[in-house]
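What follows is the content of upload.pdb, which has PDB, C-alpha atoms and all ligand atoms:
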```pdb
ATOM      1  CA  MET A   3    -151.487  26.440   3.411
ATOM      2  CA  ASP A   4    -151.057  22.691   3.841
ATOM      3  CA  LEU A   5    -153.088  19.786   2.500
ATOM      4  CA  ASN A   6    -155.362  19.701   5.548
ATOM      5  CA  VAL A   7    -156.312  23.341   5.141
ATOM      6  CA  LEU A   8    -156.795  22.871   1.395
ATOM      7  CA  ARG A   9    -158.995  19.866   2.112
ATOM      8  CA  GLU A  10    -161.160  21.859   4.506
ATOM      9  CA  HIS A  11    -161.749  24.451   1.777
ATOM     10  CA  CYS A  12    -162.436  21.776  -0.842
ATOM     11  CA  LEU A  13    -165.055  20.078   1.364
ATOM     12  CA  HIS A  14    -167.238  23.167   0.925
ATOM     13  CA  CYS A  15    -166.765  23.539  -2.831
ATOM     14  CA  SER A  16    -169.847  24.128  -4.961
ATOM     15  CA  SER A  17    -168.075  25.311  -8.112
ATOM     16  CA  CYS A  18    -169.751  22.794 -10.414
ATOM     17  CA  GLY A  19    -173.072  20.995 -10.496
ATOM     18  CA  LEU A  20    -171.648  17.781  -9.030
ATOM     19  CA  TYR A  21    -171.959  19.284  -5.555
ATOM     20  CA  GLU A  22    -175.735  18.895  -5.765
ATOM     21  CA  THR A  23    -175.723  15.094  -5.853
ATOM     22  CA  ARG A  24    -172.602  14.184  -3.864
ATOM     23  CA  HIS A  25    -172.677  12.673  -0.389
ATOM     24  CA  ASN A  26    -169.027  13.503   0.281
ATOM     25  CA  VAL A  27    -166.209  15.365  -1.374
ATOM     26  CA  VAL A  28    -163.439  12.844  -2.040
ATOM     27  CA  PHE A  29    -160.384  15.024  -1.676
ATOM     28  CA  GLY A  30    -157.576  12.462  -1.622
ATOM     29  CA  VAL A  31    -155.453  10.458   0.800
ATOM     30  CA  GLY A  32    -151.795   9.881   1.425
ATOM     31  CA  PRO A  33    -148.740  11.349   3.075
ATOM     32  CA  GLU A  34    -147.767  14.920   2.237
ATOM     33  CA  THR A  35    -144.150  13.802   1.898
ATOM     34  CA  THR A  36    -144.662  11.300  -0.911
ATOM     35  CA  PRO A  37    -143.031  11.805  -4.312
ATOM     36  CA  ILE A  38    -145.681   9.723  -6.141
ATOM     37  CA  LEU A  39    -149.173  10.936  -7.003
ATOM     38  CA  PHE A  40    -151.881   8.707  -8.502
ATOM     39  CA  VAL A  41    -154.814  10.429 -10.222
ATOM     40  CA  GLY A  42    -158.023   8.677 -11.248
ATOM     41  CA  GLU A  43    -161.047  10.217 -12.926
ATOM     42  CA  GLY A  44    -163.631  10.627 -10.162
ATOM     43  CA  PRO A  45    -165.284   8.961  -7.185
ATOM     44  CA  GLY A  46    -167.680   6.058  -7.662
ATOM     45  CA  GLU A  47    -170.573   5.082  -5.428
ATOM     46  CA  GLN A  48    -168.545   3.584  -2.574
ATOM     47  CA  GLU A  49    -166.036   6.420  -2.665
ATOM     48  CA  ASP A  50    -168.853   8.988  -2.561
ATOM     49  CA  LEU A  51    -170.425   7.286   0.442
ATOM     50  CA  ARG A  52    -167.162   6.932   2.365
ATOM     51  CA  GLY A  53    -165.334  10.083   1.279
ATOM     52  CA  GLU A  54    -162.227   8.093   0.305
ATOM     53  CA  PRO A  55    -160.764   7.434  -3.143
ATOM     54  CA  PHE A  56    -160.498   3.924  -4.550
ATOM     55  CA  VAL A  57    -162.430   1.838  -2.064
ATOM     56  CA  GLY A  58    -164.549  -1.142  -3.081
ATOM     57  CA  PRO A  59    -163.410  -3.729  -5.658
ATOM     58  CA  ALA A  60    -161.419  -1.283  -7.827
ATOM     59  CA  GLY A  61    -159.685   0.045  -4.734
ATOM     60  CA  LYS A  62    -158.810  -3.469  -3.619
ATOM     61  CA  LEU A  63    -157.286  -4.134  -7.024
ATOM     62  CA  LEU A  64    -155.331  -0.871  -6.842
ATOM     63  CA  ASP A  65    -153.972  -1.974  -3.466
ATOM     64  CA  ASP A  66    -152.895  -5.279  -5.027
ATOM     65  CA  MET A  67    -151.250  -3.443  -7.943
ATOM     66  CA  LEU A  68    -149.292  -1.239  -5.533
ATOM     67  CA  CYS A  69    -148.306  -4.232  -3.429
ATOM     68  CA  ILE A  70    -146.756  -5.939  -6.496
ATOM     69  CA  ILE A  71    -144.242  -3.091  -6.723
ATOM     70  CA  ASP A  72    -143.605  -2.719  -2.985
ATOM     71  CA  LEU A  73    -145.827   0.332  -2.603
ATOM     72  CA  GLY A  74    -149.041   0.953  -0.679
ATOM     73  CA  ARG A  75    -151.443   3.686   0.354
ATOM     74  CA  HIS A  76    -149.086   4.673   3.151
ATOM     75  CA  ASN A  77    -146.403   5.874   0.709
ATOM     76  CA  CYS A  78    -148.409   7.286  -2.246
ATOM     77  CA  TYR A  79    -150.970  10.054  -2.591
ATOM     78  CA  ILE A  80    -154.206   9.075  -4.357
ATOM     79  CA  THR A  81    -156.808  11.467  -5.718
ATOM     80  CA  ASN A  82    -159.028  12.113  -8.753
ATOM     81  CA  ILE A  83    -159.555  14.718 -11.468
ATOM     82  CA  VAL A  84    -162.997  15.542 -10.042
ATOM     83  CA  LYS A  85    -163.564  15.323  -6.315
ATOM     84  CA  CYS A  86    -167.338  14.682  -6.420
ATOM     85  CA  ARG A  87    -169.121  11.700  -7.932
ATOM     86  CA  PRO A  88    -170.664  12.108 -11.378
ATOM     87  CA  PRO A  89    -174.202  10.651 -11.197
ATOM     88  CA  HIS A  90    -174.499   7.023 -12.336
ATOM     89  CA  ASN A  91    -170.700   6.893 -12.761
ATOM     90  CA  ARG A  92    -170.821   8.769 -16.061
ATOM     91  CA  ASP A  93    -167.606  10.361 -17.300
ATOM     92  CA  PRO A  94    -167.064  13.798 -15.759
ATOM     93  CA  PHE A  95    -167.884  16.550 -18.253
ATOM     94  CA  GLU A  96    -165.048  18.738 -19.530
ATOM     95  CA  THR A  97    -166.579  21.711 -17.732
ATOM     96  CA  GLU A  98    -166.647  19.775 -14.454
ATOM     97  CA  GLN A  99    -163.040  18.696 -14.915
ATOM     98  CA  ASP A 100    -162.000  22.270 -15.647
ATOM     99  CA  MET A 101    -163.820  23.631 -12.600
ATOM    100  CA  CYS A 102    -162.155  21.035 -10.373
ATOM    101  CA  MET A 103    -158.609  21.354 -11.742
ATOM    102  CA  PRO A 104    -157.590  24.186  -9.378
ATOM    103  CA  TRP A 105    -157.912  21.731  -6.464
ATOM    104  CA  LEU A 106    -155.634  19.230  -8.170
ATOM    105  CA  ARG A 107    -153.173  21.962  -9.142
ATOM    106  CA  SER A 108    -153.022  23.059  -5.521
ATOM    107  CA  GLN A 109    -152.492  19.471  -4.399
ATOM    108  CA  VAL A 110    -149.627  19.135  -6.867
ATOM    109  CA  ARG A 111    -148.120  22.450  -5.726
ATOM    110  CA  LEU A 112    -148.152  21.277  -2.110
ATOM    111  CA  LEU A 113    -147.036  17.699  -2.739
ATOM    112  CA  GLN A 114    -144.406  18.500  -5.386
ATOM    113  CA  PRO A 115    -144.448  14.915  -6.655
ATOM    114  CA  LYS A 116    -141.714  13.573  -8.906
ATOM    115  CA  LEU A 117    -143.939  10.975 -10.575
ATOM    116  CA  ILE A 118    -147.597  11.421 -11.546
ATOM    117  CA  VAL A 119    -149.433   8.254 -12.506
ATOM    118  CA  CYS A 120    -152.774   8.647 -14.269
ATOM    119  CA  LEU A 121    -155.282   5.872 -13.746
ATOM    120  CA  GLY A 122    -157.349   5.551 -16.895
ATOM    121  CA  ARG A 123    -158.152   7.525 -20.012
ATOM    122  CA  ILE A 124    -159.862  10.550 -18.485
ATOM    123  CA  ALA A 125    -156.951  11.459 -16.220
ATOM    124  CA  ALA A 126    -154.384  10.776 -18.965
ATOM    125  CA  GLN A 127    -156.226  12.970 -21.477
ATOM    126  CA  LYS A 128    -156.533  15.770 -18.934
ATOM    127  CA  LEU A 129    -153.000  15.663 -17.567
ATOM    128  CA  ILE A 130    -150.795  14.240 -20.340
ATOM    129  CA  ASP A 131    -152.338  14.806 -23.763
ATOM    130  CA  PRO A 132    -155.932  15.413 -24.993
ATOM    131  CA  GLU A 133    -155.204  12.904 -27.774
ATOM    132  CA  TYR A 134    -154.035  10.224 -25.328
ATOM    133  CA  ARG A 135    -155.304   6.731 -26.154
ATOM    134  CA  ILE A 136    -155.010   4.456 -23.162
ATOM    135  CA  SER A 137    -154.970   1.243 -25.218
ATOM    136  CA  ARG A 138    -152.061   2.598 -27.320
ATOM    137  CA  ASP A 139    -150.139   4.776 -24.875
ATOM    138  CA  HIS A 140    -150.412   3.112 -21.443
ATOM    139  CA  GLY A 141    -147.063   2.636 -19.757
ATOM    140  CA  LYS A 142    -145.221   5.256 -21.845
ATOM    141  CA  TRP A 143    -143.315   7.938 -19.918
ATOM    142  CA  TYR A 144    -143.629  11.676 -20.535
ATOM    143  CA  ASN A 145    -141.562  14.553 -19.153
ATOM    144  CA  ARG A 146    -143.831  17.456 -18.218
ATOM    145  CA  GLY A 147    -141.821  20.212 -16.574
ATOM    146  CA  LYS A 148    -140.704  18.956 -13.187
ATOM    147  CA  PHE A 149    -142.759  15.781 -13.434
ATOM    148  CA  ARG A 150    -142.456  12.431 -15.118
ATOM    149  CA  MET A 151    -145.850  11.130 -16.007
ATOM    150  CA  THR A 152    -147.357   7.865 -17.144
ATOM    151  CA  ALA A 153    -150.759   6.208 -17.237
ATOM    152  CA  LEU A 154    -152.046   2.767 -16.362
ATOM    153  CA  TYR A 155    -155.383   1.194 -17.150
ATOM    154  CA  HIS A 156    -157.950   2.175 -14.543
ATOM    155  CA  PRO A 157    -158.479  -0.673 -12.037
ATOM    156  CA  SER A 158    -162.191  -0.748 -12.975
ATOM    157  CA  ALA A 159    -161.184  -1.447 -16.585
ATOM    158  CA  LEU A 160    -158.945  -4.284 -15.372
ATOM    159  CA  LEU A 161    -161.864  -5.746 -13.444
ATOM    160  CA  ARG A 162    -164.060  -5.600 -16.542
ATOM    161  CA  ASP A 163    -161.381  -6.968 -18.879
ATOM    162  CA  PRO A 164    -158.738  -9.206 -17.275
ATOM    163  CA  THR A 165    -156.923  -9.588 -20.641
ATOM    164  CA  LYS A 166    -155.453  -6.132 -19.928
ATOM    165  CA  ARG A 167    -153.719  -7.372 -16.784
ATOM    166  CA  PRO A 168    -150.494  -8.799 -18.294
ATOM    167  CA  SER A 169    -149.624  -5.491 -19.980
ATOM    168  CA  THR A 170    -150.496  -3.639 -16.774
ATOM    169  CA  PHE A 171    -148.072  -5.887 -14.915
ATOM    170  CA  GLU A 172    -145.329  -4.728 -17.307
ATOM    171  CA  ASP A 173    -146.390  -1.093 -16.780
ATOM    172  CA  LEU A 174    -146.193  -1.579 -13.022
ATOM    173  CA  LYS A 175    -142.679  -2.980 -13.321
ATOM    174  CA  SER A 176    -141.730   0.063 -15.387
ATOM    175  CA  LEU A 177    -143.206   2.301 -12.681
ATOM    176  CA  GLN A 178    -141.246   0.481 -10.002
ATOM    177  CA  LYS A 179    -138.015   0.864 -12.003
ATOM    178  CA  MET A 180    -138.659   4.588 -12.531
ATOM    179  CA  ALA A 181    -139.461   5.089  -8.848
ATOM    180  CA  ARG A 182    -136.223   3.357  -7.852
ATOM    181  CA  GLU A 183    -134.269   5.684 -10.159
ATOM    182  CA  VAL A 184    -136.057   8.970  -9.505
ATOM    183  CA  CYS A 185    -137.434   8.751  -5.971
ATOM    184  CA  PRO A 186    -136.115   5.712  -4.078
ATOM    185  CA  GLU A 187    -137.090   7.465  -0.842
ATOM    186  CA  VAL A 188    -140.721   6.524  -1.501
ATOM    187  CA  PHE A 189    -139.953   2.945  -0.517
ATOM    188  CA  GLU A 190    -138.707   4.181   2.869
ATOM    189  CA  ILE A 191    -141.986   5.833   3.896
ATOM    190  CA  ASN A 192    -143.304   3.558   6.611
ATOM    191  CA  LYS A 193    -146.867   2.775   7.585
ATOM    192  CA  PRO A 194    -148.036   4.999  10.427
ATOM    193  CA  GLU A 195    -148.074   3.201  13.799
TER     194      GLU A 195
HETATM  195  S1  LIG A 201    -166.354  18.240  -8.532
HETATM  196 FE1  LIG A 201    -164.751  19.662  -7.887
HETATM  197  S2  LIG A 201    -165.390  21.673  -8.692
HETATM  198 FE2  LIG A 201    -167.209  20.331  -8.692
HETATM  199  S3  LIG A 201    -168.200  20.745  -6.699
HETATM  200 FE3  LIG A 201    -166.851  18.954  -6.441
HETATM  201  S4  LIG A 201    -164.921  19.794  -5.664
HETATM  202 FE4  LIG A 201    -166.097  21.512  -6.547
END
```
Just give me the structure of the file as structure tokens.
Amino acid sequence: MDLNVLREHCLHCSSCGLYETRHNVVFGVGPETTPILFVGEGPGEQEDLRGEPFVGPAGKLLDDMLCIIDLGRHNCYITNIVKCRPPHNRDPFETEQDMCMPWLRSQVRLLQPKLIVCLGRIAAQKLIDPEYRISRDHGKWYNRGKFRMTALYHPSALLRDPTKRPSTFEDLKSLQKMAREVCPEVFEINKPE
């Protein structure tokens, strides 16, 4: 099993009710060799229409955030807790998150990342701690088995509230420092020709 095969299976998933309203399953993108995994909460409208995570204004901001720390989509893997869009961009229900988690677990098993970066509250509460408070805990590092984990504000939250950007800049610097210590090879993954 590799990520392509897993993706093919996931594209046909109807395990939760979100399959009824999706246009596309948004499985995830990035190189299988990367040690860094970013996890958001779920696809929005543009992502649902294009089948890619983090496109549109929030995706552009995520690209800018990665660029600040010498990273990009070519050297990170990006996915979400749920792979299908919740209608009207509501938060994914706990049941939907639980039904979708096996896909993320399989992605993690195949990628074997060293760093997992949650984007926003939903991902942080699912993957780090159910009591996680993004306004209090963003940027902190957690050891979870083989992984080091942290969370940043979701790019959509940064678009809505630019006052969160200075602290996110500090969190990004912390991420860059951790990546240089734990997985410096990530900076060597080149853009495909
Ligand atoms: S959100 Fe996840 S579990 Fe639900 S249908 Fe989509 S892929 Fe399947």
Which residues, named as in the file, does the PyMOL selection byres (((not hetatm)) within 12 of (chain A and resi 201)) pick out? Answer as a count of residues only. 52
Suppose a student applies the PyMOL selection byres (((chain A and resi 35) around 10) and not hetatm) to this structure; what residues should they get, written as a list in words?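 The output of the PyMOL selection byres (((chain A and resi 35) around 10) and not hetatm) on this file is Gly32, Pro33, Glu34, Thr36, Pro37, Ile38, Asn77, Cys78, Tyr79, Leu112, Leu113, Gln114, Pro115, Glu187, Val188 and Ile191 of chain A.
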So that each row is one residue of range 144-182 of chain A with an atom at most 9 Å from range 122-140 of chain A, can you give its shortest atom pair and the distance in Å to one decimal, using only C-alpha atoms, rows by chain and rising number, as CSV?
```
residue,atom,partner,partner_atom,distance
A:Tyr144,CA,A:Ile130,CA,7.6
A:Arg146,CA,A:Ile130,CA,8.0
A:Met151,CA,A:Ile130,CA,7.3
A:Thr152,CA,A:His140,CA,7.1
A:Ala153,CA,A:His140,CA,5.2
A:Leu154,CA,A:His140,CA,5.3
A:Tyr155,CA,A:Gly122,CA,4.8
A:His156,CA,A:Gly122,CA,4.2
A:Pro157,CA,A:Gly122,CA,8.0
A:Ser158,CA,A:Gly122,CA,8.9
A:Ala159,CA,A:Gly122,CA,8.0
A:Ser169,CA,A:His140,CA,8.8
A:Thr170,CA,A:His140,CA,8.2
A:Asp173,CA,A:His140,CA,7.5
```
Residues returned when the PyMOL selection byres (((chain A and resi 64) around 10) and not hetatm) runs on this file, as a PyMOL selection string: chain A and resi 56-63+65-70+74-75+121+156-158+160
Distance of CA of Gln178 in chain A from CA of Gly42 in chain A, expressed in Å to one decimal place: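 Going from CA of Gly42 in chain A over to CA of Gln178 in chain A covers 18.7 Å.
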Every residue with an atom at most 6 Å from (-138.6, -0.1, -4.3) (file coordinates; all atoms listed in the file) is what I'm after, so could you write them as a short mmCIF file (atom, residue, chain, number, x, y, z; two decimals) with C-alpha atoms, in the frame of the given file?
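The file below, result-v4.cif, is the result:
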```cif
data_model
loop_
_atom_site.label_atom_id
_atom_site.label_comp_id
_atom_site.auth_asym_id
_atom_site.auth_seq_id
_atom_site.Cartn_x
_atom_site.Cartn_y
_atom_site.Cartn_z
CA ASP A 72 -143.60 -2.72 -2.98
CA ARG A 182 -136.22 3.36 -7.85
CA PHE A 189 -139.95 2.94 -0.52
#
```
Cut-off 7 Å around (-146.5, 12.8, -12.8) with all atoms listed in the file: residues as a VMD selection string: chain A and resid 39 115 to 119 149 to 152
I'd like the interatomic distance between CA of Val31 in chain A and CA of Gln109 in chain A, to a tenth of an Å.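 The value is 10.8 Å.
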Work out how far apart CA of Ile71 in chain A and CA of Lys179 in chain A are and give it in Å to one decimal. 9.1 Å
With 5 Å of padding per side, what axis-aligned box (centre and edge lengths, Å, one decimal) covers all the listed atoms of range 42-46 of chain A? Give it as AutoDock Vina command-line options.
```
--center_x -162.9 --center_y 8.3 --center_z -10.1 --size_x 19.7 --size_y 14.6 --size_z 15.7
```
Please complete range 162-181 of chain A so it has N, CA and C atoms, and hand it over as a compact mmCIF listing (two decimals), in the frame of the given file.
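Produced file part32.txt, reproduced below:
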```txt
# COMPACT_ATOMS: atom_id res chain seq x y z
N ARG A 162 -163.14 -5.26 -15.44
CA ARG A 162 -164.06 -5.60 -16.54
C ARG A 162 -163.39 -6.48 -17.58
N ASP A 163 -162.08 -6.27 -17.79
CA ASP A 163 -161.38 -6.97 -18.88
C ASP A 163 -160.02 -7.47 -18.40
N PRO A 164 -159.99 -8.68 -17.83
CA PRO A 164 -158.74 -9.21 -17.27
C PRO A 164 -157.64 -9.41 -18.33
N THR A 165 -157.97 -9.42 -19.62
CA THR A 165 -156.92 -9.59 -20.64
C THR A 165 -155.95 -8.41 -20.64
N LYS A 166 -156.35 -7.29 -20.01
CA LYS A 166 -155.45 -6.13 -19.93
C LYS A 166 -154.43 -6.28 -18.80
N ARG A 167 -154.57 -7.30 -17.98
CA ARG A 167 -153.72 -7.37 -16.78
C ARG A 167 -152.25 -7.66 -17.10
N PRO A 168 -151.93 -8.55 -18.04
CA PRO A 168 -150.49 -8.80 -18.29
C PRO A 168 -149.73 -7.53 -18.70
N SER A 169 -150.33 -6.71 -19.57
CA SER A 169 -149.62 -5.49 -19.98
C SER A 169 -149.54 -4.50 -18.81
N THR A 170 -150.55 -4.52 -17.95
CA THR A 170 -150.50 -3.64 -16.77
C THR A 170 -149.39 -4.08 -15.82
N PHE A 171 -149.17 -5.39 -15.75
CA PHE A 171 -148.07 -5.89 -14.92
C PHE A 171 -146.75 -5.31 -15.42
N GLU A 172 -146.56 -5.31 -16.74
CA GLU A 172 -145.33 -4.73 -17.31
C GLU A 172 -145.25 -3.23 -16.99
N ASP A 173 -146.38 -2.53 -17.09
CA ASP A 173 -146.39 -1.09 -16.78
C ASP A 173 -146.03 -0.85 -15.31
N LEU A 174 -146.51 -1.73 -14.44
CA LEU A 174 -146.19 -1.58 -13.02
C LEU A 174 -144.71 -1.78 -12.78
N LYS A 175 -144.12 -2.75 -13.47
CA LYS A 175 -142.68 -2.98 -13.32
C LYS A 175 -141.90 -1.75 -13.79
N SER A 176 -142.37 -1.15 -14.88
CA SER A 176 -141.73 0.06 -15.39
C SER A 176 -141.85 1.20 -14.35
N LEU A 177 -143.01 1.29 -13.72
CA LEU A 177 -143.21 2.30 -12.68
C LEU A 177 -142.26 2.05 -11.51
N GLN A 178 -142.14 0.80 -11.11
CA GLN A 178 -141.25 0.48 -10.00
C GLN A 178 -139.80 0.86 -10.33
N LYS A 179 -139.39 0.55 -11.58
CA LYS A 179 -138.01 0.86 -12.00
C LYS A 179 -137.80 2.38 -11.98
N MET A 180 -138.78 3.12 -12.51
CA MET A 180 -138.66 4.59 -12.53
C MET A 180 -138.61 5.13 -11.11
N ALA A 181 -139.45 4.61 -10.24
CA ALA A 181 -139.46 5.09 -8.85
C ALA A 181 -138.12 4.81 -8.18
```
